[in-house]
file data_6.txt (compact mmCIF, C-alpha atoms)
# COMPACT_ATOMS: atom_id res chain seq x y z
CA MET A 1 7.67 -7.72 25.11
CA ILE A 2 7.20 -3.98 25.00
CA GLY A 3 4.04 -2.44 23.75
CA GLY A 4 1.73 0.47 23.90
CA SER A 5 0.15 3.13 21.76
CA PHE A 6 0.89 6.59 20.48
CA VAL A 7 -1.73 9.19 19.54
CA TRP A 8 -1.19 12.34 17.49
CA LYS A 9 -2.98 14.71 15.17
CA ASN A 10 -2.25 15.33 11.50
CA ILE A 11 -4.10 16.62 8.46
CA SER A 12 -6.38 13.56 8.43
CA GLY A 13 -7.55 14.14 12.01
CA TRP A 14 -6.56 12.26 15.15
CA CYS A 15 -4.43 9.16 14.57
CA ALA A 16 -3.18 6.32 16.73
CA VAL A 17 -0.82 3.41 16.39
CA GLU A 18 -0.74 0.47 18.74
CA TYR A 19 2.55 -1.41 18.81
CA THR A 20 4.51 -4.30 20.26
CA SER A 21 8.22 -4.98 20.08
CA GLU A 22 7.47 -6.81 16.80
CA GLY A 23 5.94 -3.84 14.99
CA ILE A 24 2.78 -1.82 14.47
CA LYS A 25 -0.27 -3.83 15.55
CA SER A 26 -3.05 -1.40 14.59
CA LEU A 27 -3.49 1.98 12.94
CA ARG A 28 -6.34 4.46 13.18
CA PHE A 29 -6.65 7.74 11.31
CA GLY A 30 -9.24 10.35 10.51
CA ARG A 31 -10.75 10.40 13.98
CA ARG A 32 -12.55 13.45 15.34
CA SER A 33 -10.99 13.37 18.83
CA GLU A 34 -7.99 12.09 20.74
CA GLU A 35 -10.32 9.98 22.87
CA ASP A 36 -11.84 8.33 19.79
CA ALA A 37 -8.40 7.59 18.35
CA SER A 38 -7.13 6.00 21.57
CA ALA A 39 -10.28 4.17 22.73
CA GLY A 40 -9.50 0.58 23.66
CA LEU A 41 -5.80 0.71 22.79
CA ALA A 42 -3.05 -0.55 25.06
CA LYS A 43 -1.55 2.18 27.23
CA SER A 44 2.14 2.85 26.72
CA HIS A 45 4.54 1.40 29.22
CA GLU A 46 7.24 3.47 30.83
CA GLY A 47 10.34 3.89 28.75
CA LYS A 48 11.21 4.89 25.25
CA ARG A 49 8.99 3.71 22.43
CA PRO A 50 10.66 1.90 19.52
CA ALA A 51 12.12 4.03 16.71
CA PHE A 52 9.78 2.39 14.20
CA VAL A 53 6.82 4.11 15.93
CA ASP A 54 8.30 7.56 15.32
CA GLU A 55 9.13 6.52 11.76
CA ALA A 56 5.55 5.36 11.21
CA VAL A 57 4.25 8.71 12.47
CA ARG A 58 6.64 10.60 10.18
CA GLN A 59 5.69 8.52 7.13
CA LEU A 60 1.96 8.77 7.85
CA ASP A 61 2.17 12.54 8.22
CA GLU A 62 4.01 12.70 4.89
CA TYR A 63 1.44 10.44 3.26
CA PHE A 64 -1.49 12.62 4.30
CA ILE A 65 0.05 15.77 2.83
CA GLY A 66 0.25 13.96 -0.50
CA SER A 67 3.85 12.77 -0.53
CA GLU A 68 4.55 9.45 -2.21
CA VAL A 69 5.39 7.10 0.64
CA SER A 70 6.46 3.46 0.46
CA PHE A 71 5.85 2.28 4.00
CA LYS A 72 8.76 0.26 5.36
CA ILE A 73 7.44 -0.18 8.88
CA PRO A 74 7.47 -3.52 10.72
CA VAL A 75 4.00 -4.94 11.28
CA ASP A 76 3.11 -7.30 14.12
CA MET A 77 1.21 -10.12 12.38
CA ASN A 78 1.24 -12.44 15.38
CA GLY A 79 -2.01 -14.36 15.64
CA ALA A 80 -2.82 -14.08 11.92
CA THR A 81 -3.23 -17.19 9.82
CA ASP A 82 -0.55 -18.06 7.29
CA PHE A 83 -3.00 -17.20 4.50
CA ARG A 84 -3.65 -13.73 5.90
CA LYS A 85 0.07 -13.11 6.35
CA LYS A 86 0.65 -14.10 2.71
CA VAL A 87 -2.14 -11.78 1.51
CA TRP A 88 -0.92 -8.86 3.63
CA LYS A 89 2.73 -9.26 2.59
CA GLU A 90 1.78 -9.31 -1.09
CA THR A 91 -0.58 -6.35 -0.66
CA ALA A 92 2.30 -4.36 0.85
CA LYS A 93 4.10 -4.70 -2.51
CA VAL A 94 1.39 -2.79 -4.42
CA GLY A 95 2.97 0.59 -5.08
CA TYR A 96 1.73 4.08 -4.29
CA GLY A 97 -1.00 5.12 -6.71
CA LYS A 98 -1.25 1.63 -8.23
CA THR A 99 -4.19 -0.75 -7.99
CA ILE A 100 -4.78 -4.42 -8.67
CA THR A 101 -7.83 -6.64 -8.35
CA TYR A 102 -8.67 -9.14 -5.63
CA GLY A 103 -8.31 -11.86 -8.28
CA GLU A 104 -4.86 -10.65 -9.31
CA LEU A 105 -3.76 -10.60 -5.69
CA ALA A 106 -5.07 -14.15 -5.26
CA ARG A 107 -3.05 -15.24 -8.32
CA ARG A 108 0.07 -13.52 -7.00
CA ILE A 109 -0.05 -15.59 -3.82
CA GLY A 110 -0.71 -18.83 -5.73
CA SER A 111 -4.42 -19.09 -4.85
CA GLY A 112 -6.05 -18.15 -8.15
CA GLY A 113 -9.64 -18.95 -7.20
CA ALA A 114 -9.51 -17.32 -3.78
CA ALA A 115 -10.51 -13.72 -4.55
CA ARG A 116 -13.24 -13.76 -1.88
CA ALA A 117 -10.86 -15.20 0.72
CA VAL A 118 -8.36 -12.47 -0.19
CA GLY A 119 -11.08 -9.87 0.37
CA SER A 120 -11.85 -11.40 3.75
CA ALA A 121 -8.17 -11.34 4.72
CA LEU A 122 -7.93 -7.68 3.71
CA GLY A 123 -11.03 -6.93 5.79
CA ALA A 124 -9.07 -8.16 8.82
CA ASN A 125 -6.12 -5.84 8.11
CA ASN A 126 -5.56 -3.66 11.19
CA VAL A 127 -2.90 -1.46 9.61
CA PRO A 128 -4.48 0.19 6.57
CA LEU A 129 -2.06 2.34 4.55
CA ILE A 130 0.97 0.44 5.87
CA ILE A 131 -0.62 -2.62 4.28
CA PRO A 132 -2.44 -0.68 1.54
CA CYS A 133 -5.64 -2.71 1.18
CA HIS A 134 -7.32 0.36 -0.33
CA ARG A 135 -5.32 -0.34 -3.51
CA ILE A 136 -7.13 -3.62 -4.13
CA LEU A 137 -10.22 -3.34 -6.34
CA ARG A 138 -12.92 -5.59 -7.70
CA SER A 139 -12.64 -6.80 -11.27
CA GLY A 140 -13.53 -4.07 -13.72
CA GLY A 141 -12.06 -1.40 -11.45
CA GLU A 142 -15.01 -1.20 -9.04
CA MET A 143 -14.12 -0.15 -5.51
CA GLY A 144 -15.18 -3.29 -3.68
CA GLY A 145 -15.18 -3.27 0.10
CA PHE A 146 -13.13 -1.34 2.63
CA ALA A 147 -13.47 -1.58 6.40
CA LEU A 148 -13.38 2.21 6.77
CA GLY A 149 -15.96 2.77 4.03
CA ILE A 150 -15.85 3.15 0.26
CA SER A 151 -15.67 6.95 0.47
CA VAL A 152 -12.44 6.70 2.51
CA LYS A 153 -11.01 4.21 0.00
CA GLU A 154 -11.85 6.62 -2.84
CA ALA A 155 -10.29 9.54 -0.95
CA LEU A 156 -7.05 7.61 -0.34
CA LEU A 157 -6.81 6.66 -4.01
CA ASP A 158 -7.58 10.26 -5.05
CA LEU A 159 -4.81 11.48 -2.75
CA GLU A 160 -2.38 9.03 -4.35
CA ARG A 161 -3.44 10.24 -7.79
CA GLY A 162 -2.46 13.79 -6.89
CA LYS A 163 -5.94 15.17 -6.33
CA LYS A 164 -6.62 17.62 -3.52
CA VAL A 165 -8.60 15.81 -0.83
CA ASP A 166 -10.59 17.47 1.93
CA ASN A 167 -9.64 15.88 5.26
CA LYS A 168 -13.30 15.06 5.93
CA ARG A 169 -13.03 12.47 3.17
CA PHE A 170 -10.44 10.56 5.23
CA GLY A 171 -13.24 9.44 7.48
CA VAL A 172 -13.16 12.05 10.23
CA ARG A 173 -15.88 10.77 12.47
CA GLU A 174 -18.13 12.66 14.84

call {"tool": "encode", "arguments": {"input": "data_6.txt", "output": "structure tokens"}}
result
Amino acid sequence: MIGGSFVWKNISGWCAVEYTSEGIKSLRFGRRSEEDASAGLAKSHEGKRPAFVDEAVRQLDEYFIGSEVSFKIPVDMNGATDFRKKVWKETAKVGYGKTITYGELARRIGSGGAARAVGSALGANNVPLIIPCHRILRSGGEMGGFALGISVKEALLDLERGKKVDNKRFGVRE
């Protein structure tokens, strides 16, 4: 199995993807430095990286300049429970600029009373944006949780709603 990581800079700051032959395994964005973006990621092996890595980079760069992007990038979900895979696959169907609630997502996967479990599964999502967990809100439209912080979630939703977003809102860290 091939694998590795790729680090680059875009409008959000330093970004990194970690990948296997199956797909993207993790995504980081809005980092202050190349070292921060790449810390702890697998080093790339010799040879050409898969085309889906370059496509992910292209789509992410487009996303951060405000283009409507529907990510069609393979994701490596190996090691995830069946429930998490179900949650993530359904989350990936929530369109650009759209939001639904944790409860609605739970209903869509046939687990109507599992809104908290859905939230927990989304908290374990290592590929935000590609699996757009920022588009899932609490009932009543409240932000709810987000592993990268509520301010980043708000910035991503603002970007998708056509608002100008300062790159510091993407979570650029010191």

call {"tool": "closest_residue", "arguments": {"input": "data_6.txt", "among": "A:Ile150, A:Thr101, A:Val127, A:Arg116", "to": "Trp88 in chain A", "atoms": "all atoms listed in the file"}}
result
A:Val127

call {"tool": "atom_distance", "arguments": {"input": "data_6.txt", "atom1": "CA of Lys153 in chain A", "atom2": "CA of Gly3 in chain A"}}
result
28.9 Å

call {"tool": "atom_distance", "arguments": {"input": "data_6.txt", "atom1": "CA of Asn125 in chain A", "atom2": "CA of Gly162 in chain A"}}
result
25.0 Å

call {"tool": "residues_around", "arguments": {"input": "data_6.txt", "residues": "Asn126 in chain A", "least_positions_apart": "5", "cutoff": "7 Å", "atoms": "all atoms listed in the file", "output": "count of residues only"}}
result
3

call {"tool": "residues_around", "arguments": {"input": "data_6.txt", "residues": "Lys86 in chain A", "least_positions_apart": "3", "cutoff": "12 Å", "atoms": "all atoms listed in the file", "output": "list in words"}}
result
Met77, Ala80, Thr81, Asp82, Phe83, Lys89, Glu90, Thr91, Ala92, Lys93, Leu105, Ala106, Arg107, Arg108, Ile109, Gly110, Ser111, Ala117, Val118, Ala121, Leu122, Asn125 and Ile131 of chain A

call {"tool": "write_last_selection", "arguments": {"input": "data_6.txt", "atoms": "C-alpha atoms", "output": "PDB file, in the frame of the given file"}}
result
ATOM      1  CA  MET A  77       1.210 -10.120  12.380  1.00  0.00           C
ATOM      2  CA  ALA A  80      -2.820 -14.080  11.920  1.00  0.00           C
ATOM      3  CA  THR A  81      -3.230 -17.190   9.820  1.00  0.00           C
ATOM      4  CA  ASP A  82      -0.550 -18.060   7.290  1.00  0.00           C
ATOM      5  CA  PHE A  83      -3.000 -17.200   4.500  1.00  0.00           C
ATOM      6  CA  LYS A  89       2.730  -9.260   2.590  1.00  0.00           C
ATOM      7  CA  GLU A  90       1.780  -9.310  -1.090  1.00  0.00           C
ATOM      8  CA  THR A  91      -0.580  -6.350  -0.660  1.00  0.00           C
ATOM      9  CA  ALA A  92       2.300  -4.360   0.850  1.00  0.00           C
ATOM     10  CA  LYS A  93       4.100  -4.700  -2.510  1.00  0.00           C
ATOM     11  CA  LEU A 105      -3.760 -10.600  -5.690  1.00  0.00           C
ATOM     12  CA  ALA A 106      -5.070 -14.150  -5.260  1.00  0.00           C
ATOM     13  CA  ARG A 107      -3.050 -15.240  -8.320  1.00  0.00           C
ATOM     14  CA  ARG A 108       0.070 -13.520  -7.000  1.00  0.00           C
ATOM     15  CA  ILE A 109      -0.050 -15.590  -3.820  1.00  0.00           C
ATOM     16  CA  GLY A 110      -0.710 -18.830  -5.730  1.00  0.00           C
ATOM     17  CA  SER A 111      -4.420 -19.090  -4.850  1.00  0.00           C
ATOM     18  CA  ALA A 117     -10.860 -15.200   0.720  1.00  0.00           C
ATOM     19  CA  VAL A 118      -8.360 -12.470  -0.190  1.00  0.00           C
ATOM     20  CA  ALA A 121      -8.170 -11.340   4.720  1.00  0.00           C
ATOM     21  CA  LEU A 122      -7.930  -7.680   3.710  1.00  0.00           C
ATOM     22  CA  ASN A 125      -6.120  -5.840   8.110  1.00  0.00           C
ATOM     23  CA  ILE A 131      -0.620  -2.620   4.280  1.00  0.00           C
TER      24      ILE A 131
END

call {"tool": "closest_atom_pairs", "arguments": {"input": "data_6.txt", "of": "range 117-158 of chain A", "to": "range 29-50 of chain A", "cutoff": "12 Å", "atoms": "only C-alpha atoms", "output": "CSV"}}
result
residue,atom,partner,partner_atom,distance
A:Asn126,CA,A:Phe29,CA,11.5
A:Val127,CA,A:Phe29,CA,10.1
A:Pro128,CA,A:Phe29,CA,9.2
A:Leu129,CA,A:Phe29,CA,9.8
A:Ile130,CA,A:Phe29,CA,11.9
A:Leu148,CA,A:Phe29,CA,9.8
A:Val152,CA,A:Gly30,CA,9.4
A:Ala155,CA,A:Gly30,CA,11.5
A:Leu156,CA,A:Gly30,CA,11.4

call {"tool": "write_last_selection", "arguments": {"input": "data_6.txt", "atoms": "C-alpha atoms", "output": "PDB file, keeping the file's coordinate frame"}}
result
ATOM      1  CA  ASN A 126      -5.560  -3.660  11.190  1.00  0.00           C
ATOM      2  CA  VAL A 127      -2.900  -1.460   9.610  1.00  0.00           C
ATOM      3  CA  PRO A 128      -4.480   0.190   6.570  1.00  0.00           C
ATOM      4  CA  LEU A 129      -2.060   2.340   4.550  1.00  0.00           C
ATOM      5  CA  ILE A 130       0.970   0.440   5.870  1.00  0.00           C
ATOM      6  CA  LEU A 148     -13.380   2.210   6.770  1.00  0.00           C
ATOM      7  CA  VAL A 152     -12.440   6.700   2.510  1.00  0.00           C
ATOM      8  CA  ALA A 155     -10.290   9.540  -0.950  1.00  0.00           C
ATOM      9  CA  LEU A 156      -7.050   7.610  -0.340  1.00  0.00           C
TER      10      LEU A 156
END

call {"tool": "closest_residue", "arguments": {"input": "data_6.txt", "among": "A:Gly23, A:Lys85, A:Arg169, A:Gly141", "to": "Glu154 in chain A", "atoms": "all atoms listed in the file"}}
result
A:Arg169
